[in-house]
Amino acid sequence: MDLSPLPALLVEPIVRAALAEDLGRAGDITSAAVIPAEARMSGAIAARQPGTVAGTDAAALAFRLLDPAIAVAILLPDGSRVAPGDAVIRIDGPARPILAAERVALNLLCRLSGVATATAALAAAARPHKARIACTRKTTPGLRALEKHAVRAGGGVNHRFGLDDAVLIKDNHVAVAGGVRPAIARARAAIGHLVKIEVEVDTLAQLDEALAEGVDAVVLDNMTPDQLREAVRRVDGEVVTEASGRVTAETVPAIAATGVDLISAGWITHSAPILDLGLDWEG
């Protein structure tokens, strides 16, 4: 997998904020009281269940920001499949800052690896069909860049990063604008020539309106496999088709088999269970 790491400029403010939240006003008073200042430790963050790793750069940065003397080696980069016992990151250095950074590093690594693992499960369920798994804007506030990177680590693709990426006309936009056609017409009159338009439709009749008006993509929301198959037939490759609603590993095969281009799922970022990883001291 060709997965470029996120620029440090995007990752560092998130990790710094998490460390500042955890250190509070006085720092790690437990480690300062219990661990001798000269103590050193070596350890490895290892997987305790199978899954797909993401967030290794953020986890490594948590240790390095607290003390540059901590040596951090990423053994399995983002996108790697892991089995229980697999070492992902190895750490060696002063014990106090390692212990102080441990929870922030694990919070980020476990959370993001959970997103990658959930995405990988849906991507596997979609094979051998062409449909790709896409995320949404239903992300943890402040973690969007990291969570969307984790989706890519799991084999998915990213939808919009924000409201300014593209026009996405949803049901409430349609209701307030007075229908699919006027909503699209207003959007087209207001945007620049490089901005794409996607419209969410609930029925095949709405789909026909959107196609007649001219759009770049359609969200086929909460449609049955039969409806999706008919929608793909009507689109006939002219626009990108995205299925959404009731997306699970169990429903994805039938959805993918209809021929849609994308299957979007909000839960892979807002509700994915963490992947259990832990830091084990090597004495």
# chains A, B, ... in the order shown; residues from 1 in each chain; ligands from 1
call {"tool": "closest_atom_pairs", "arguments": {"of": "segment 82-113 of chain A", "to": "segment 249-273 of chain A", "cutoff": "9 Å", "atoms": "only C-alpha atoms", "output": "Markdown table"}}
result
| residue | atom | partner | partner_atom | distance |
| --- | --- | --- | --- | --- |
| A:Cys110 | CA | A:Pro273 | CA | 8.9 |
| A:Arg111 | CA | A:Pro273 | CA | 7.5 |
| A:Leu112 | CA | A:Thr269 | CA | 8.7 |
call {"tool": "residues_around", "arguments": {"residues": "segment 171-173 of chain A", "least_positions_apart": "6", "cutoff": "9 Å", "atoms": "only C-alpha atoms", "output": "list in words"}}
result
Gly179, Val180, Ala183, Val199, Glu200, Val201 and Asp202 of chain A
call {"tool": "write_last_selection", "arguments": {"atoms": "C-alpha atoms", "output": "mmCIF file, in the first residue's frame"}}
result
data_model
loop_
_atom_site.group_PDB
_atom_site.id
_atom_site.type_symbol
_atom_site.label_atom_id
_atom_site.label_comp_id
_atom_site.auth_asym_id
_atom_site.auth_seq_id
_atom_site.Cartn_x
_atom_site.Cartn_y
_atom_site.Cartn_z
ATOM 1 C CA GLY A 179 -36.736 20.506 -4.601
ATOM 2 C CA VAL A 180 -33.831 18.710 -6.254
ATOM 3 C CA ALA A 183 -31.208 23.160 -5.342
ATOM 4 C CA VAL A 199 -26.750 15.357 -4.493
ATOM 5 C CA GLU A 200 -28.359 12.943 -2.057
ATOM 6 C CA VAL A 201 -31.490 11.207 -3.355
ATOM 7 C CA ASP A 202 -33.930 8.962 -1.545
#
call {"tool": "atom_distance", "arguments": {"atom1": "atom CA of Ala44 of chain A", "atom2": "atom CA of Ser113 of chain A"}}
result
16.3 Å
call {"tool": "atom_distance", "arguments": {"atom1": "atom CA of Leu194 of chain A", "atom2": "atom CA of Phe161 of chain A"}}
result
16.3 Å
call {"tool": "select_by_dssp", "arguments": {"residues": "segment 25-233 of chain A", "states": "helix (DSSP H, G or I)", "output": "PyMOL selection string"}}
result
chain A and resi 29-34+56-66+95-126+144-153+171-177+180-190+204-213+225-233
call {"tool": "select_by_dssp", "arguments": {"residues": "segment 84-177 of chain A", "states": "strand (DSSP E or B)", "output": "PDB file with C-alpha atoms, in the first residue's frame"}}
result
ATOM      1  CA  ALA A  87       5.301  -5.490  18.180  1.00  0.00           C
ATOM      2  CA  VAL A  88       4.292  -2.265  16.446  1.00  0.00           C
ATOM      3  CA  ILE A  89       6.539   0.352  18.093  1.00  0.00           C
ATOM      4  CA  ARG A  90       9.695  -0.147  20.170  1.00  0.00           C
ATOM      5  CA  ILE A  91      10.698   2.443  22.763  1.00  0.00           C
ATOM      6  CA  ASP A  92      13.864   2.990  24.790  1.00  0.00           C
ATOM      7  CA  GLY A  93      14.892   5.891  26.963  1.00  0.00           C
ATOM      8  CA  PRO A  94      14.242   7.788  30.193  1.00  0.00           C
ATOM      9  CA  ARG A 132     -14.676   1.357  -2.558  1.00  0.00           C
ATOM     10  CA  ILE A 133     -15.375   2.148   1.098  1.00  0.00           C
ATOM     11  CA  ALA A 134     -15.559   5.868   1.873  1.00  0.00           C
ATOM     12  CA  VAL A 157     -10.991   6.411   0.461  1.00  0.00           C
ATOM     13  CA  VAL A 167     -21.157  20.889  -2.895  1.00  0.00           C
ATOM     14  CA  LEU A 168     -23.107  18.059  -1.260  1.00  0.00           C
ATOM     15  CA  ILE A 169     -26.841  18.740  -1.452  1.00  0.00           C
TER      16      ILE A 169
END
call {"tool": "residues_around", "arguments": {"residues": "Gly142 of chain A", "least_positions_apart": "4", "cutoff": "10 Å", "atoms": "only C-alpha atoms", "output": "PyMOL selection string"}}
result
chain A and resi 13-14+17+146-147
call {"tool": "residues_around", "arguments": {"residues": "Ala39 of chain A", "least_positions_apart": "5", "cutoff": "12 Å", "atoms": "only C-alpha atoms", "output": "mmCIF file with N, CA, C and O atoms, in the first residue's frame"}}
result
data_model
loop_
_atom_site.group_PDB
_atom_site.id
_atom_site.type_symbol
_atom_site.label_atom_id
_atom_site.label_comp_id
_atom_site.auth_asym_id
_atom_site.auth_seq_id
_atom_site.Cartn_x
_atom_site.Cartn_y
_atom_site.Cartn_z
ATOM 1 N N SER A 31 4.768 9.440 38.264
ATOM 2 C CA SER A 31 6.094 9.011 37.810
ATOM 3 C C SER A 31 7.195 9.803 38.504
ATOM 4 O O SER A 31 8.248 9.252 38.871
ATOM 5 N N ALA A 32 6.962 11.102 38.704
ATOM 6 C CA ALA A 32 7.967 11.931 39.379
ATOM 7 C C ALA A 32 8.217 11.461 40.802
ATOM 8 O O ALA A 32 9.346 11.532 41.310
ATOM 9 N N VAL A 34 7.515 8.238 42.015
ATOM 10 C CA VAL A 34 7.815 6.811 42.148
ATOM 11 C C VAL A 34 9.072 6.386 41.386
ATOM 12 O O VAL A 34 9.803 5.501 41.822
ATOM 13 N N ASP A 92 12.772 3.102 23.822
ATOM 14 C CA ASP A 92 13.864 2.990 24.790
ATOM 15 C C ASP A 92 14.281 4.395 25.217
ATOM 16 O O ASP A 92 14.418 5.290 24.371
ATOM 17 N N GLY A 93 14.446 4.580 26.517
ATOM 18 C CA GLY A 93 14.892 5.891 26.963
ATOM 19 C C GLY A 93 14.549 6.157 28.411
ATOM 20 O O GLY A 93 14.237 5.224 29.182
ATOM 21 N N PRO A 94 14.562 7.416 28.810
ATOM 22 C CA PRO A 94 14.242 7.788 30.193
ATOM 23 C C PRO A 94 12.836 7.331 30.570
ATOM 24 O O PRO A 94 11.880 7.545 29.812
ATOM 25 N N ALA A 95 12.715 6.710 31.728
ATOM 26 C CA ALA A 95 11.449 6.075 32.105
ATOM 27 C C ALA A 95 10.332 7.085 32.369
ATOM 28 O O ALA A 95 9.180 6.859 31.995
ATOM 29 N N ARG A 96 10.657 8.191 33.039
ATOM 30 C CA ARG A 96 9.602 9.130 33.425
ATOM 31 C C ARG A 96 8.822 9.677 32.224
ATOM 32 O O ARG A 96 7.576 9.598 32.202
ATOM 33 N N PRO A 97 9.480 10.236 31.223
ATOM 34 C CA PRO A 97 8.701 10.755 30.093
ATOM 35 C C PRO A 97 8.026 9.657 29.279
ATOM 36 O O PRO A 97 6.963 9.903 28.695
ATOM 37 N N ILE A 98 8.597 8.463 29.231
ATOM 38 C CA ILE A 98 7.924 7.367 28.522
ATOM 39 C C ILE A 98 6.600 7.059 29.188
ATOM 40 O O ILE A 98 5.555 6.927 28.528
ATOM 41 N N LEU A 99 6.620 6.958 30.513
ATOM 42 C CA LEU A 99 5.384 6.653 31.236
ATOM 43 C C LEU A 99 4.385 7.810 31.159
ATOM 44 O O LEU A 99 3.169 7.588 31.131
ATOM 45 N N GLY A 283 12.029 -5.905 30.853
ATOM 46 C CA GLY A 283 12.985 -5.695 31.949
ATOM 47 C C GLY A 283 14.335 -6.333 31.666
ATOM 48 O O GLY A 283 14.457 -7.214 30.856
#
